[in-house]
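The block underneath contains the structure these notes are about, expressed in structure tokens.
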Amino acid sequence: MATIAAVIASTHHPFYYRASTAPPEQRPPFAAEWIAKITAFRETLTRARPDVLVMVGSDHFHQLWLDNMPQFLVGHAEQYDANWYNEEREFGLPRMLLPGQRDLSWHILRQGLDAGFDLAFSNELRVDHSITCPIITLRPEADLPIVPIYTNIFAPPLPQPARFVQLGQAIREIIESWPSELRVAIIGTGHLSLELGGPRQFGPHGPDPEFDARAVEWIAGGDIDGCLAEVTLDSLHEPGNATHGFMDFMLMMGVAGQGQRADYVETVDLFHTMEAYFTWYPNGVPA
């Protein structure tokens, strides 16, 4: 059966690529610290020696729109085109062509349906920066096949936070049942407190530092029960108008498991958000 080599949760800031590739004199003042922390974080995936990446993210109204919005979607393609024009224009993100792993996609779809999750699928999915930014930060060679899984965190009605956790738990069980000798890393990206287009968008840190501190404690300590006791669809409006992306972090807590403390935790405050990075090794820290 497949081995889960690593479980990784992170933010997916689209400015990182430009901040890290610009000439030194054109980089923002926080770039050096950010690059150093990403470099250390990248090593947590490298040492896991993965063969396949399962990537959990959310489409930013690029391919999915209100005329057809699945709650949970699994990509089932030979390859995935990325990024989108506005991401190239606004963030300087490169065009990418990512290989797919259709056997694992099919296994997740079949077993997910049988487990009670009505998963949508796409054989022609084009992915955006929620998938490509963690690849840029964690595996810039972009040489490993992926299985993208998209969640709906933008378009109400949204699934309840508990459903994200349940899906994360199911994804782990399903991947562990995949009849393969390959090593799989499960990588999910979301947000802590975040405001987009609102009065709290631009500041020295995220719009709600108190929420960010609690969120990091929940994730780092694997405190799913404590998180679910406080986080609701209504409460997620309070830390910032785009904080519902935190539910993708909750999904990854489900993958890692109740009470499972992260083996690696790091954060960095940027000018409008806290970036956060977590890694678990379900089978022990690799030598």
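Following the order of the structure tokens, chains are lettered A, B, ..., residues in each are numbered from 1, and ligands are numbered from 1.
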
request  = Within 8 Å of segment 67-73 of chain A, counting only C-alpha atoms, which residues show up once you throw out same-chain ones fewer than 3 positions away? Write them as a list in words, please.
outcome  =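 Residues near the query, excluding close chain neighbours: Leu64, Asp118, Leu119, Ala120, Phe121, Ser122, Ile149, Tyr150, Thr151, Asn152, Ala155, Leu158 and Pro159 of chain A.
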
How about saving the chosen residues, N, CA and C atoms kept, as a short mmCIF file (atom, residue, chain, number, x, y, z; two decimals), in the first residue's frame?
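Saved to part_1.cif:
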```cif
data_model
loop_
_atom_site.label_atom_id
_atom_site.label_comp_id
_atom_site.auth_asym_id
_atom_site.auth_seq_id
_atom_site.Cartn_x
_atom_site.Cartn_y
_atom_site.Cartn_z
N LEU A 64 -13.85 27.75 -11.92
CA LEU A 64 -15.15 27.44 -11.34
C LEU A 64 -15.89 28.74 -11.04
N ASP A 118 -19.77 13.06 -2.16
CA ASP A 118 -20.17 13.19 -3.56
C ASP A 118 -19.19 14.09 -4.28
N LEU A 119 -18.04 13.53 -4.62
CA LEU A 119 -16.95 14.30 -5.21
C LEU A 119 -17.21 14.55 -6.68
N ALA A 120 -17.01 15.80 -7.10
CA ALA A 120 -17.01 16.12 -8.52
C ALA A 120 -15.62 15.80 -9.09
N PHE A 121 -15.52 15.74 -10.42
CA PHE A 121 -14.22 15.53 -11.03
C PHE A 121 -14.11 16.35 -12.30
N SER A 122 -12.89 16.55 -12.76
CA SER A 122 -12.63 17.26 -14.00
C SER A 122 -11.46 16.63 -14.71
N ILE A 149 -6.99 18.67 -5.54
CA ILE A 149 -8.32 18.59 -4.93
C ILE A 149 -8.75 20.01 -4.59
N TYR A 150 -9.86 20.44 -5.17
CA TYR A 150 -10.36 21.79 -4.93
C TYR A 150 -11.53 21.75 -3.95
N THR A 151 -11.55 22.73 -3.06
CA THR A 151 -12.66 22.89 -2.11
C THR A 151 -13.32 24.24 -2.35
N ASN A 152 -14.58 24.34 -2.00
CA ASN A 152 -15.31 25.60 -2.13
C ASN A 152 -15.24 26.37 -0.82
N ALA A 155 -17.89 30.51 -2.37
CA ALA A 155 -19.24 30.75 -2.90
C ALA A 155 -20.29 30.05 -2.04
N LEU A 158 -21.51 27.23 1.73
CA LEU A 158 -20.27 26.49 1.91
C LEU A 158 -20.51 25.25 2.78
N PRO A 159 -19.68 24.23 2.61
CA PRO A 159 -19.73 23.12 3.55
C PRO A 159 -19.38 23.60 4.96
#
```

task = Show which residues sit within 6 Å of Ser180 of chain A, as JSON, numbers by chain. Count only C-alpha atoms, and ignore same-chain residues fewer than 2 positions away.
result = {"A": [1, 2, 178, 182]}

I'd like the neighbourhood of Phe278 of chain A as a compact mmCIF listing (two decimals) with N, CA and C atoms, in the first residue's frame, where a residue qualifies if any of its atoms comes within 12 Å (using only C-alpha atoms), though same-chain residues fewer than 2 positions away should be ignored.
```txt
# COMPACT_ATOMS: atom_id res chain seq x y z
N ALA A 6 4.56 12.59 4.00
CA ALA A 6 4.47 13.85 4.72
C ALA A 6 3.08 14.42 4.56
N VAL A 7 2.66 15.15 5.57
CA VAL A 7 1.43 15.95 5.52
C VAL A 7 1.86 17.39 5.76
N ILE A 8 1.51 18.27 4.85
CA ILE A 8 2.00 19.65 4.90
C ILE A 8 0.85 20.61 4.73
N ALA A 9 0.80 21.63 5.58
CA ALA A 9 -0.19 22.70 5.46
C ALA A 9 0.53 24.03 5.41
N SER A 10 0.12 24.89 4.49
CA SER A 10 0.79 26.18 4.37
C SER A 10 -0.16 27.20 3.78
N THR A 11 0.22 28.45 3.90
CA THR A 11 -0.43 29.51 3.15
C THR A 11 0.11 29.48 1.72
N LYS A 37 12.97 31.42 5.43
CA LYS A 37 12.00 30.52 6.06
C LYS A 37 11.41 29.54 5.05
N ILE A 38 11.19 29.99 3.83
CA ILE A 38 10.70 29.08 2.80
C ILE A 38 11.75 28.02 2.47
N ALA A 40 13.98 26.72 4.46
CA ALA A 40 13.96 25.72 5.52
C ALA A 40 12.71 24.86 5.44
N PHE A 41 11.58 25.47 5.12
CA PHE A 41 10.32 24.73 4.99
C PHE A 41 10.40 23.74 3.83
N ARG A 42 10.99 24.14 2.74
CA ARG A 42 11.12 23.27 1.56
C ARG A 42 11.85 21.98 1.92
N THR A 44 11.61 20.24 4.49
CA THR A 44 10.75 19.26 5.15
C THR A 44 10.06 18.36 4.14
N LEU A 45 9.81 18.86 2.93
CA LEU A 45 9.27 18.00 1.88
C LEU A 45 10.38 17.19 1.23
N LEU A 138 7.72 24.72 -2.35
CA LEU A 138 8.15 23.44 -1.80
C LEU A 138 8.88 22.53 -2.81
N ILE A 186 0.85 14.82 1.08
CA ILE A 186 -0.43 15.52 0.99
C ILE A 186 -0.18 16.96 1.44
N ILE A 187 -0.43 17.90 0.54
CA ILE A 187 -0.12 19.31 0.79
C ILE A 187 -1.40 20.12 0.62
N GLY A 188 -1.78 20.86 1.65
CA GLY A 188 -2.98 21.69 1.58
C GLY A 188 -2.67 23.13 1.94
N THR A 189 -3.31 24.06 1.25
CA THR A 189 -3.03 25.47 1.49
C THR A 189 -4.31 26.23 1.77
N GLY A 190 -4.22 27.15 2.72
CA GLY A 190 -5.36 28.00 3.08
C GLY A 190 -4.87 29.34 3.59
N ALA A 215 -5.18 30.05 15.91
CA ALA A 215 -5.17 29.13 14.78
C ALA A 215 -3.86 28.35 14.72
N VAL A 216 -2.74 29.03 14.92
CA VAL A 216 -1.45 28.34 14.90
C VAL A 216 -1.38 27.31 16.01
N GLU A 217 -1.92 27.64 17.19
CA GLU A 217 -1.93 26.67 18.29
C GLU A 217 -2.79 25.45 17.94
N TRP A 218 -3.97 25.68 17.37
CA TRP A 218 -4.84 24.56 16.98
C TRP A 218 -4.12 23.64 16.01
N ILE A 219 -3.54 24.24 14.96
CA ILE A 219 -2.92 23.43 13.91
C ILE A 219 -1.69 22.72 14.45
N ALA A 220 -0.80 23.47 15.10
CA ALA A 220 0.46 22.89 15.58
C ALA A 220 0.22 21.77 16.59
N GLY A 221 -0.85 21.90 17.39
CA GLY A 221 -1.13 20.90 18.41
C GLY A 221 -2.11 19.84 17.99
N GLY A 222 -2.62 19.93 16.76
CA GLY A 222 -3.61 18.96 16.31
C GLY A 222 -4.91 19.02 17.09
N PHE A 249 -7.10 24.66 6.04
CA PHE A 249 -6.20 24.25 7.12
C PHE A 249 -6.88 23.19 8.00
N MET A 252 -6.61 19.86 6.51
CA MET A 252 -5.30 19.27 6.71
C MET A 252 -5.11 18.79 8.15
N MET A 253 -5.75 19.45 9.10
CA MET A 253 -5.74 18.93 10.47
C MET A 253 -6.42 17.56 10.50
N ALA A 256 -3.90 15.08 9.24
CA ALA A 256 -2.85 14.79 10.23
C ALA A 256 -3.40 13.98 11.40
N GLN A 260 -2.38 15.14 16.88
CA GLN A 260 -1.06 14.96 16.26
C GLN A 260 -0.34 16.29 16.17
N ARG A 261 0.69 16.43 16.95
CA ARG A 261 1.46 17.67 16.94
C ARG A 261 2.35 17.73 15.69
N ALA A 262 2.43 18.91 15.11
CA ALA A 262 3.25 19.08 13.92
C ALA A 262 4.73 18.91 14.26
N ASP A 263 5.46 18.30 13.35
CA ASP A 263 6.90 18.13 13.52
C ASP A 263 7.67 19.39 13.15
N TYR A 264 7.02 20.28 12.40
CA TYR A 264 7.68 21.52 11.98
C TYR A 264 6.62 22.62 11.96
N VAL A 265 6.94 23.76 12.58
CA VAL A 265 6.02 24.90 12.63
C VAL A 265 6.83 26.16 12.41
N GLU A 266 6.36 27.03 11.52
CA GLU A 266 7.03 28.31 11.30
C GLU A 266 5.99 29.33 10.84
N THR A 267 6.20 30.57 11.21
CA THR A 267 5.33 31.66 10.77
C THR A 267 6.18 32.87 10.40
N GLU A 275 1.91 34.46 7.31
CA GLU A 275 2.18 33.23 6.59
C GLU A 275 2.51 32.15 7.61
N ALA A 276 2.05 30.92 7.36
CA ALA A 276 2.26 29.84 8.33
C ALA A 276 2.56 28.55 7.60
N TRP A 280 3.91 17.45 9.13
CA TRP A 280 3.81 16.24 9.95
C TRP A 280 4.44 15.08 9.19
N TYR A 281 5.07 14.17 9.91
CA TYR A 281 5.58 12.93 9.34
C TYR A 281 4.85 11.76 9.99
```

Can you check which residues of segment 33-251 of chain A DSSP gives as strand (DSSP E) on the backbone and send them as a CSV table (one decimal) with all heavy atoms, in the first residue's frame?
```csv
chain,number,residue,atom,x,y,z
A,52,VAL,N,4.7,11.4,-5.3
A,52,VAL,CA,3.4,12.0,-5.8
A,52,VAL,C,3.0,13.0,-4.8
A,52,VAL,O,3.2,12.9,-3.6
A,52,VAL,CB,2.3,10.9,-5.9
A,52,VAL,CG1,1.0,11.5,-6.5
A,52,VAL,CG2,2.7,9.7,-6.7
A,53,LEU,N,2.4,14.1,-5.3
A,53,LEU,CA,1.9,15.2,-4.4
A,53,LEU,C,0.4,15.3,-4.6
A,53,LEU,O,-0.1,15.5,-5.7
A,53,LEU,CB,2.5,16.5,-4.8
A,53,LEU,CG,4.0,16.6,-4.8
A,53,LEU,CD1,4.4,18.0,-5.2
A,53,LEU,CD2,4.6,16.2,-3.5
A,54,VAL,N,-0.4,15.1,-3.5
A,54,VAL,CA,-1.8,15.4,-3.5
A,54,VAL,C,-2.0,16.8,-3.0
A,54,VAL,O,-1.5,17.2,-1.9
A,54,VAL,CB,-2.6,14.4,-2.6
A,54,VAL,CG1,-4.0,14.9,-2.5
A,54,VAL,CG2,-2.5,13.0,-3.2
A,55,MET,N,-2.5,17.7,-3.8
A,55,MET,CA,-2.5,19.1,-3.6
A,55,MET,C,-4.0,19.6,-3.3
A,55,MET,O,-4.8,19.5,-4.2
A,55,MET,CB,-2.0,19.9,-4.8
A,55,MET,CG,-0.6,19.5,-5.3
A,55,MET,SD,0.7,19.8,-4.1
A,55,MET,CE,0.6,21.6,-3.9
A,56,VAL,N,-4.2,20.1,-2.1
A,56,VAL,CA,-5.5,20.6,-1.7
A,56,VAL,C,-5.5,22.1,-1.8
A,56,VAL,O,-4.6,22.8,-1.2
A,56,VAL,CB,-5.9,20.2,-0.3
A,56,VAL,CG1,-7.3,20.8,0.1
A,56,VAL,CG2,-6.0,18.6,-0.2
A,57,GLY,N,-6.4,22.7,-2.5
A,57,GLY,CA,-6.5,24.2,-2.7
A,57,GLY,C,-7.9,24.6,-3.0
A,57,GLY,O,-8.9,23.8,-2.9
A,72,PHE,N,-16.6,20.0,-3.5
A,72,PHE,CA,-15.3,19.3,-3.5
A,72,PHE,C,-15.0,18.7,-4.9
A,72,PHE,O,-15.9,17.9,-5.4
A,72,PHE,CB,-15.2,18.2,-2.4
A,72,PHE,CG,-15.5,18.8,-1.0
A,72,PHE,CD1,-16.6,18.4,-0.3
A,72,PHE,CD2,-14.6,19.6,-0.4
A,72,PHE,CE1,-16.8,18.8,1.0
A,72,PHE,CE2,-14.8,20.1,0.9
A,72,PHE,CZ,-16.0,19.7,1.6
A,73,LEU,N,-13.9,18.9,-5.5
A,73,LEU,CA,-13.6,18.5,-6.8
A,73,LEU,C,-12.2,17.9,-6.9
A,73,LEU,O,-11.2,18.4,-6.3
A,73,LEU,CB,-13.7,19.6,-7.8
A,73,LEU,CG,-13.4,19.3,-9.3
A,73,LEU,CD1,-14.3,20.2,-10.2
A,73,LEU,CD2,-12.0,19.6,-9.6
A,74,VAL,N,-12.1,16.7,-7.6
A,74,VAL,CA,-10.8,16.0,-7.7
A,74,VAL,C,-10.4,16.1,-9.2
A,74,VAL,O,-11.2,15.8,-10.1
A,74,VAL,CB,-10.9,14.6,-7.3
A,74,VAL,CG1,-9.5,13.9,-7.5
A,74,VAL,CG2,-11.3,14.5,-5.8
A,75,GLY,N,-9.2,16.6,-9.5
A,75,GLY,CA,-8.7,16.6,-10.8
A,75,GLY,C,-8.3,15.2,-11.3
A,75,GLY,O,-7.8,14.4,-10.5
A,79,GLN,N,-2.4,15.9,-17.3
A,79,GLN,CA,-1.5,17.1,-17.0
A,79,GLN,C,-2.4,18.3,-16.7
A,79,GLN,O,-3.6,18.3,-17.1
A,79,GLN,CB,-0.6,17.4,-18.2
A,79,GLN,CG,-1.2,17.7,-19.5
A,79,GLN,CD,-0.2,17.8,-20.6
A,79,GLN,OE1,0.9,17.4,-20.5
A,79,GLN,NE2,-0.7,18.3,-21.7
A,80,TYR,N,-1.8,19.3,-16.0
A,80,TYR,CA,-2.6,20.4,-15.6
A,80,TYR,C,-1.9,21.7,-16.0
A,80,TYR,O,-0.8,21.9,-15.7
A,80,TYR,CB,-2.8,20.4,-14.1
A,80,TYR,CG,-3.5,19.2,-13.6
A,80,TYR,CD1,-2.8,18.0,-13.2
A,80,TYR,CD2,-4.9,19.2,-13.5
A,80,TYR,CE1,-3.5,16.9,-12.8
A,80,TYR,CE2,-5.6,18.0,-13.1
A,80,TYR,CZ,-4.9,16.9,-12.8
A,80,TYR,OH,-5.5,15.8,-12.4
A,81,ASP,N,-2.6,22.5,-16.8
A,81,ASP,CA,-2.1,23.8,-17.2
A,81,ASP,C,-2.3,24.8,-16.1
A,81,ASP,O,-3.2,24.7,-15.3
A,81,ASP,CB,-2.9,24.3,-18.4
A,81,ASP,CG,-2.2,25.4,-19.1
A,81,ASP,OD1,-1.0,25.7,-18.8
A,81,ASP,OD2,-2.9,26.1,-20.0
A,82,ALA,N,-1.3,25.7,-15.9
A,82,ALA,CA,-1.3,26.7,-14.9
A,82,ALA,C,-0.4,27.8,-15.4
A,82,ALA,O,0.5,27.6,-16.2
A,82,ALA,CB,-0.9,26.2,-13.6
A,96,MET,N,2.9,27.1,-16.2
A,96,MET,CA,3.4,25.8,-15.8
A,96,MET,C,2.6,24.7,-16.4
A,96,MET,O,1.4,25.0,-16.7
A,96,MET,CB,3.4,25.7,-14.2
A,96,MET,CG,4.1,26.8,-13.5
A,96,MET,SD,3.9,26.8,-11.7
A,96,MET,CE,4.9,25.3,-11.3
A,97,LEU,N,3.2,23.6,-16.6
A,97,LEU,CA,2.4,22.4,-17.1
A,97,LEU,C,2.8,21.3,-16.1
A,97,LEU,O,4.0,20.8,-16.1
A,97,LEU,CB,2.8,22.1,-18.5
A,97,LEU,CG,1.9,21.0,-19.2
A,97,LEU,CD1,0.5,21.4,-19.3
A,97,LEU,CD2,2.5,20.6,-20.5
A,98,LEU,N,1.9,20.8,-15.3
A,98,LEU,CA,2.2,19.9,-14.2
A,98,LEU,C,1.6,18.5,-14.6
A,98,LEU,O,0.5,18.4,-15.0
A,98,LEU,CB,1.5,20.4,-12.9
A,98,LEU,CG,1.9,21.8,-12.5
A,98,LEU,CD1,1.0,22.3,-11.4
A,98,LEU,CD2,3.3,21.9,-12.1
A,99,PRO,N,2.4,17.5,-14.4
A,99,PRO,CA,2.0,16.1,-14.7
A,99,PRO,C,1.0,15.7,-13.7
A,99,PRO,O,1.0,16.0,-12.5
A,99,PRO,CB,3.3,15.3,-14.6
A,99,PRO,CG,4.1,16.1,-13.7
A,99,PRO,CD,3.8,17.5,-13.9
A,120,ALA,N,-17.0,15.8,-7.1
A,120,ALA,CA,-17.0,16.1,-8.5
A,120,ALA,C,-15.6,15.8,-9.1
A,120,ALA,O,-14.7,15.6,-8.3
A,120,ALA,CB,-17.3,17.6,-8.7
A,121,PHE,N,-15.5,15.7,-10.4
A,121,PHE,CA,-14.2,15.5,-11.0
A,121,PHE,C,-14.1,16.4,-12.3
A,121,PHE,O,-15.1,16.8,-12.9
A,121,PHE,CB,-14.0,14.0,-11.3
A,121,PHE,CG,-14.8,13.5,-12.4
A,121,PHE,CD1,-14.4,13.5,-13.8
A,121,PHE,CD2,-16.1,12.9,-12.2
A,121,PHE,CE1,-15.2,13.0,-14.8
A,121,PHE,CE2,-16.8,12.4,-13.2
A,121,PHE,CZ,-16.4,12.4,-14.5
A,122,SER,N,-12.9,16.5,-12.8
A,122,SER,CA,-12.6,17.3,-14.0
A,122,SER,C,-11.5,16.6,-14.7
A,122,SER,O,-10.4,16.5,-14.1
A,122,SER,CB,-12.3,18.7,-13.7
A,122,SER,OG,-11.9,19.4,-14.9
A,146,ILE,N,0.9,15.2,-9.8
A,146,ILE,CA,0.1,15.7,-8.7
A,146,ILE,C,-1.4,15.2,-8.9
A,146,ILE,O,-1.8,14.8,-10.0
A,146,ILE,CB,0.0,17.3,-8.7
A,146,ILE,CG1,-0.7,17.8,-10.0
A,146,ILE,CG2,1.4,17.9,-8.6
A,146,ILE,CD1,-1.0,19.3,-9.9
A,147,VAL,N,-2.1,15.3,-7.8
A,147,VAL,CA,-3.6,15.1,-7.8
A,147,VAL,C,-4.1,16.3,-7.1
A,147,VAL,O,-4.0,16.5,-5.9
A,147,VAL,CB,-4.0,13.8,-7.1
A,147,VAL,CG1,-5.6,13.8,-7.0
A,147,VAL,CG2,-3.5,12.6,-7.7
A,148,PRO,N,-4.7,17.3,-7.9
A,148,PRO,CA,-5.3,18.5,-7.3
A,148,PRO,C,-6.7,18.2,-6.7
A,148,PRO,O,-7.5,17.5,-7.4
A,148,PRO,CB,-5.4,19.5,-8.4
A,148,PRO,CG,-5.4,18.7,-9.6
A,148,PRO,CD,-4.8,17.3,-9.4
A,149,ILE,N,-7.0,18.7,-5.5
A,149,ILE,CA,-8.3,18.6,-4.9
A,149,ILE,C,-8.7,20.0,-4.6
A,149,ILE,O,-8.1,20.7,-3.8
A,149,ILE,CB,-8.3,17.7,-3.7
A,149,ILE,CG1,-7.9,16.3,-4.0
A,149,ILE,CG2,-9.7,17.7,-3.0
A,149,ILE,CD1,-7.8,15.4,-2.8
A,150,TYR,N,-9.9,20.4,-5.2
A,150,TYR,CA,-10.4,21.8,-4.9
A,150,TYR,C,-11.5,21.7,-4.0
A,150,TYR,O,-12.4,20.9,-4.0
A,150,TYR,CB,-10.8,22.4,-6.2
A,150,TYR,CG,-9.8,23.3,-6.9
A,150,TYR,CD1,-9.8,23.4,-8.3
A,150,TYR,CD2,-8.8,23.9,-6.2
A,150,TYR,CE1,-8.9,24.2,-9.0
A,150,TYR,CE2,-7.8,24.7,-6.9
A,150,TYR,CZ,-7.9,24.8,-8.3
A,150,TYR,OH,-7.0,25.6,-8.9
A,151,THR,N,-11.6,22.7,-3.1
A,151,THR,CA,-12.7,22.9,-2.1
A,151,THR,C,-13.3,24.2,-2.3
A,151,THR,O,-12.7,25.2,-2.8
A,151,THR,CB,-12.2,22.8,-0.7
A,151,THR,OG1,-11.4,24.0,-0.4
A,151,THR,CG2,-11.3,21.6,-0.4
A,183,ARG,N,5.4,6.8,-2.5
A,183,ARG,CA,5.3,7.7,-1.4
A,183,ARG,C,4.6,8.9,-1.7
A,183,ARG,O,4.9,9.6,-2.7
A,183,ARG,CB,6.8,8.0,-0.9
A,183,ARG,CG,7.5,6.8,-0.4
A,183,ARG,CD,9.0,7.1,-0.2
A,183,ARG,NE,9.2,8.1,0.9
A,183,ARG,CZ,9.1,7.9,2.2
A,183,ARG,NH1,9.0,6.6,2.6
A,183,ARG,NH2,9.3,8.8,3.0
A,184,VAL,N,3.5,9.2,-0.9
A,184,VAL,CA,2.6,10.3,-1.2
A,184,VAL,C,2.8,11.4,-0.2
A,184,VAL,O,2.7,11.1,1.0
A,184,VAL,CB,1.2,9.9,-1.3
A,184,VAL,CG1,0.2,11.0,-1.6
A,184,VAL,CG2,1.0,8.7,-2.3
A,185,ALA,N,3.0,12.7,-0.6
A,185,ALA,CA,2.9,13.8,0.3
A,185,ALA,C,1.6,14.5,0.0
A,185,ALA,O,1.2,14.8,-1.1
A,185,ALA,CB,4.0,14.8,0.0
A,186,ILE,N,0.8,14.8,1.1
A,186,ILE,CA,-0.4,15.5,1.0
A,186,ILE,C,-0.2,17.0,1.4
A,186,ILE,O,0.2,17.2,2.6
A,186,ILE,CB,-1.5,14.9,1.9
A,186,ILE,CG1,-1.6,13.4,1.6
A,186,ILE,CG2,-2.9,15.5,1.6
A,186,ILE,CD1,-2.5,12.6,2.6
A,187,ILE,N,-0.4,17.9,0.5
A,187,ILE,CA,-0.1,19.3,0.8
A,187,ILE,C,-1.4,20.1,0.6
A,187,ILE,O,-2.0,20.1,-0.4
A,187,ILE,CB,1.0,19.8,-0.2
A,187,ILE,CG1,2.2,19.0,-0.1
A,187,ILE,CG2,1.2,21.3,0.0
A,187,ILE,CD1,3.3,19.3,-1.1
A,188,GLY,N,-1.8,20.9,1.7
A,188,GLY,CA,-3.0,21.7,1.6
A,188,GLY,C,-2.7,23.1,1.9
A,188,GLY,O,-1.8,23.4,2.8
A,189,THR,N,-3.3,24.1,1.2
A,189,THR,CA,-3.0,25.5,1.5
A,189,THR,C,-4.3,26.2,1.8
A,189,THR,O,-5.4,26.0,1.2
A,189,THR,CB,-2.3,26.1,0.3
A,189,THR,OG1,-3.2,26.1,-0.8
A,189,THR,CG2,-1.1,25.4,-0.1
```

Excluding same-chain residues fewer than 6 positions from His12 of chain A, what lies within 9 Å of it counting only C-alpha atoms, as a short mmCIF file (atom, residue, chain, number, x, y, z; two decimals) with all heavy atoms, in the first residue's frame?
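Full text of result.cif as output:
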```
data_model
loop_
_atom_site.label_atom_id
_atom_site.label_comp_id
_atom_site.auth_asym_id
_atom_site.auth_seq_id
_atom_site.Cartn_x
_atom_site.Cartn_y
_atom_site.Cartn_z
N HIS A 129 -3.10 29.63 -8.44
CA HIS A 129 -1.98 29.79 -7.51
C HIS A 129 -2.17 29.07 -6.18
O HIS A 129 -1.20 28.90 -5.44
CB HIS A 129 -1.67 31.27 -7.29
CG HIS A 129 -2.69 32.03 -6.49
ND1 HIS A 129 -3.78 32.63 -7.07
CD2 HIS A 129 -2.77 32.29 -5.16
CE1 HIS A 129 -4.49 33.24 -6.14
NE2 HIS A 129 -3.89 33.04 -4.98
N SER A 130 -3.38 28.63 -5.85
CA SER A 130 -3.52 27.85 -4.62
C SER A 130 -2.82 26.50 -4.74
O SER A 130 -2.44 25.90 -3.73
CB SER A 130 -4.99 27.65 -4.27
OG SER A 130 -5.62 26.75 -5.16
N ILE A 131 -2.64 26.03 -5.96
CA ILE A 131 -1.89 24.80 -6.21
C ILE A 131 -0.44 25.11 -6.59
O ILE A 131 0.50 24.48 -6.10
CB ILE A 131 -2.55 23.98 -7.33
CG1 ILE A 131 -4.00 23.63 -6.99
CG2 ILE A 131 -1.73 22.73 -7.64
CD1 ILE A 131 -4.18 22.72 -5.81
N THR A 132 -0.23 26.10 -7.45
CA THR A 132 1.11 26.33 -7.97
C THR A 132 2.03 27.04 -6.98
O THR A 132 3.24 26.79 -6.98
CB THR A 132 1.06 27.14 -9.28
OG1 THR A 132 0.42 28.40 -9.05
CG2 THR A 132 0.31 26.37 -10.35
N CYS A 133 1.49 27.91 -6.12
CA CYS A 133 2.38 28.61 -5.18
C CYS A 133 3.04 27.65 -4.20
O CYS A 133 4.25 27.77 -3.95
CB CYS A 133 1.62 29.72 -4.45
SG CYS A 133 1.41 31.18 -5.48
N PRO A 134 2.32 26.67 -3.61
CA PRO A 134 3.05 25.72 -2.77
C PRO A 134 4.01 24.83 -3.54
O PRO A 134 5.00 24.35 -2.98
CB PRO A 134 1.93 24.90 -2.10
CG PRO A 134 0.72 25.13 -2.92
CD PRO A 134 0.87 26.51 -3.48
N THR A 137 7.09 27.05 -3.83
CA THR A 137 7.84 27.17 -2.58
C THR A 137 8.45 25.83 -2.14
O THR A 137 9.56 25.80 -1.62
CB THR A 137 6.95 27.72 -1.46
OG1 THR A 137 5.78 26.91 -1.30
CG2 THR A 137 6.53 29.15 -1.75
N THR A 189 -3.31 24.06 1.25
CA THR A 189 -3.03 25.47 1.49
C THR A 189 -4.31 26.23 1.77
O THR A 189 -5.36 26.00 1.16
CB THR A 189 -2.33 26.11 0.28
OG1 THR A 189 -3.22 26.11 -0.84
CG2 THR A 189 -1.07 25.37 -0.08
N GLY A 190 -4.22 27.15 2.72
CA GLY A 190 -5.36 28.00 3.08
C GLY A 190 -4.87 29.34 3.59
O GLY A 190 -3.79 29.81 3.22
N HIS A 191 -5.68 29.93 4.47
CA HIS A 191 -5.35 31.24 5.04
C HIS A 191 -5.50 31.19 6.55
O HIS A 191 -6.27 30.38 7.08
CB HIS A 191 -6.31 32.33 4.55
CG HIS A 191 -6.52 32.37 3.08
ND1 HIS A 191 -5.51 32.64 2.19
CD2 HIS A 191 -7.63 32.19 2.33
CE1 HIS A 191 -6.00 32.62 0.96
NE2 HIS A 191 -7.28 32.34 1.02
N GLU A 275 1.91 34.46 7.31
CA GLU A 275 2.18 33.23 6.59
C GLU A 275 2.51 32.15 7.61
O GLU A 275 3.19 32.41 8.62
CB GLU A 275 3.34 33.42 5.63
CG GLU A 275 3.05 34.43 4.52
CD GLU A 275 1.98 33.92 3.57
OE1 GLU A 275 2.30 33.09 2.72
OE2 GLU A 275 0.82 34.35 3.71
#
```

note = One decimal place gives the atom CA of His272 of chain A-atom CA of Pro207 of chain A separation as 7.1 Å

At a cut-off of 8 Å, using only C-alpha atoms, what residues contact Asp212 of chain A? Leave out same-chain residues fewer than 4 positions from it and give the result as a PDB file with C-alpha atoms, in the first residue's frame.
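What landed in around.pdb:
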```pdb
ATOM      1  CA  LEU A 192      -5.210  32.480   8.569  1.00  0.00           C
ATOM      2  CA  SER A 193      -7.037  35.789   9.086  1.00  0.00           C
ATOM      3  CA  GLY A 206      -2.993  39.955   9.457  1.00  0.00           C
ATOM      4  CA  ASP A 208      -6.802  39.590  13.469  1.00  0.00           C
ATOM      5  CA  VAL A 216      -1.449  28.345  14.896  1.00  0.00           C
ATOM      6  CA  MET A 274       0.597  35.996   8.645  1.00  0.00           C
TER       7      MET A 274
END
```

query = When you draw a straight line from atom CA of Gln26 of chain A to atom CA of His60 of chain A, how long is it in Å?
reply =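 Separation of atom CA of Gln26 of chain A and atom CA of His60 of chain A: 27.9 Å.
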
inquiry  = Just to confirm, what's the straight-line distance from atom CA of Gly112 of chain A to atom CA of Leu251 of chain A in Å (one decimal)?
reply    = 14.6 Å

key: Members of segment 25-259 of chain A assigned alpha helix (DSSP H) by DSSP, as an MDAnalysis selection string   = chainID A and resid 31:46 85:91 102:114 129:138 161:176 209:221 224:230 246:256

key: Selected residue, from A:Ile4, A:Val268, A:Met247, A:Ile136, that lies nearest to Glu173 of chain A when counting only C-alpha atoms   = A:Ile4

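When only C-alpha atoms are used to measure the gap to Pro204 of chain A, the shortest distance among A:Ala22, A:Thr273, A:Gly116, A:Ile135 belongs to A:Thr273.
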